[in-house]
Amino acid sequence: MLWQRGKSYSQDLRERVFVAADDGEPVGEIAAMFRVSVSYVSKVLSRRRLTGQMTARPQRCHLVPKLSGLHPAILAQVTSRPDVTIAELRAWLLETHKVSVSTGLMNKTLAALDLTFKKSPSMLPSKRVRMLPRPVSNGASSSRS
């Protein structure tokens, strides 16, 4: 069973752990049998013993993104000024909404809104200027004083 951050194990797995524990299997063998950590099995069993709770607890400690309430305003600003830079957006947020944000947070917010902020060039790049080779000195070195 593969665990993903932010997701709890299935209720079916929990019930199989409880059945195995009720059959007298040691915690280490239960963990190996279901391919989970010993810590998980121990915590689930102790929670059932202490509180009687057999289901997953709700996820906690999720922080609401700082700019989540301002997403419509940011979207409108970028739509009205598609060539706006990150620095200009940060200054606009500070001036208009009194919210100071970092460049990284602004990048993440634009990515969450599925907005692009890197512009593709509309013209072909210039050809390189070919430089003539430097003249070779004739062996006479200049003396510096």
# chains A, B, ... in the order shown; residues from 1 in each chain; ligands from 1

call {"tool": "residues_around", "arguments": {"residues": "Thr103 (chain A)", "least_positions_apart": "5", "cutoff": "8 Å", "atoms": "only C-alpha atoms", "output": "list in words"}}
result
Ile86, Ala87 and Arg90 of chain A

call {"tool": "write_last_selection", "arguments": {"atoms": "N, CA and C atoms", "output": "PDB file, in the first residue's frame"}}
result
ATOM      1  N   ILE A  86       6.017  40.577 -12.590  1.00  0.00           N
ATOM      2  CA  ILE A  86       5.807  40.129 -11.218  1.00  0.00           C
ATOM      3  C   ILE A  86       6.012  41.292 -10.247  1.00  0.00           C
ATOM      4  N   ALA A  87       7.054  42.073 -10.469  1.00  0.00           N
ATOM      5  CA  ALA A  87       7.336  43.214  -9.590  1.00  0.00           C
ATOM      6  C   ALA A  87       6.186  44.220  -9.623  1.00  0.00           C
ATOM      7  N   ARG A  90       3.292  42.792  -7.641  1.00  0.00           N
ATOM      8  CA  ARG A  90       3.546  42.907  -6.209  1.00  0.00           C
ATOM      9  C   ARG A  90       3.299  44.331  -5.726  1.00  0.00           C
TER      10      ARG A  90
END

call {"tool": "residues_around", "arguments": {"residues": "region 5-18 of chain A", "least_positions_apart": "6", "cutoff": "9 Å", "atoms": "only C-alpha atoms", "output": "list in words"}}
result
Ile30, Ala31, Phe34, Val41, Val44, Leu45, Arg48, Met54, Thr55, Ala56, Arg57, Pro58 and Gln59 of chain A

call {"tool": "closest_residue", "arguments": {"among": "A:Ser42, A:Ser37, A:Ser100, A:Ser68", "to": "Ala21 (chain A)", "atoms": "only C-alpha atoms"}}
result
A:Ser42

call {"tool": "residues_around", "arguments": {"residues": "region 104-107 of chain A", "least_positions_apart": "2", "cutoff": "9 Å", "atoms": "only C-alpha atoms", "output": "list in words"}}
result
Lys66, Leu67, Ile86, Leu89, Arg90, Val101, Ser102, Thr109, Leu110, Ala111, Ala112 and Phe117 of chain A

call {"tool": "closest_residue", "arguments": {"among": "A:Leu115, A:Val136, A:Val99, A:Val64", "to": "Gln77 (chain A)", "atoms": "only C-alpha atoms"}}
result
A:Leu115

call {"tool": "closest_residue", "arguments": {"among": "A:His62, A:Leu113, A:Lys98, A:Tyr40", "to": "Leu75 (chain A)", "atoms": "only C-alpha atoms"}}
result
A:Leu113

call {"tool": "atom_distance", "arguments": {"atom1": "CA of Arg60 (chain A)", "atom2": "CA of Arg35 (chain A)"}}
result
24.8 Å
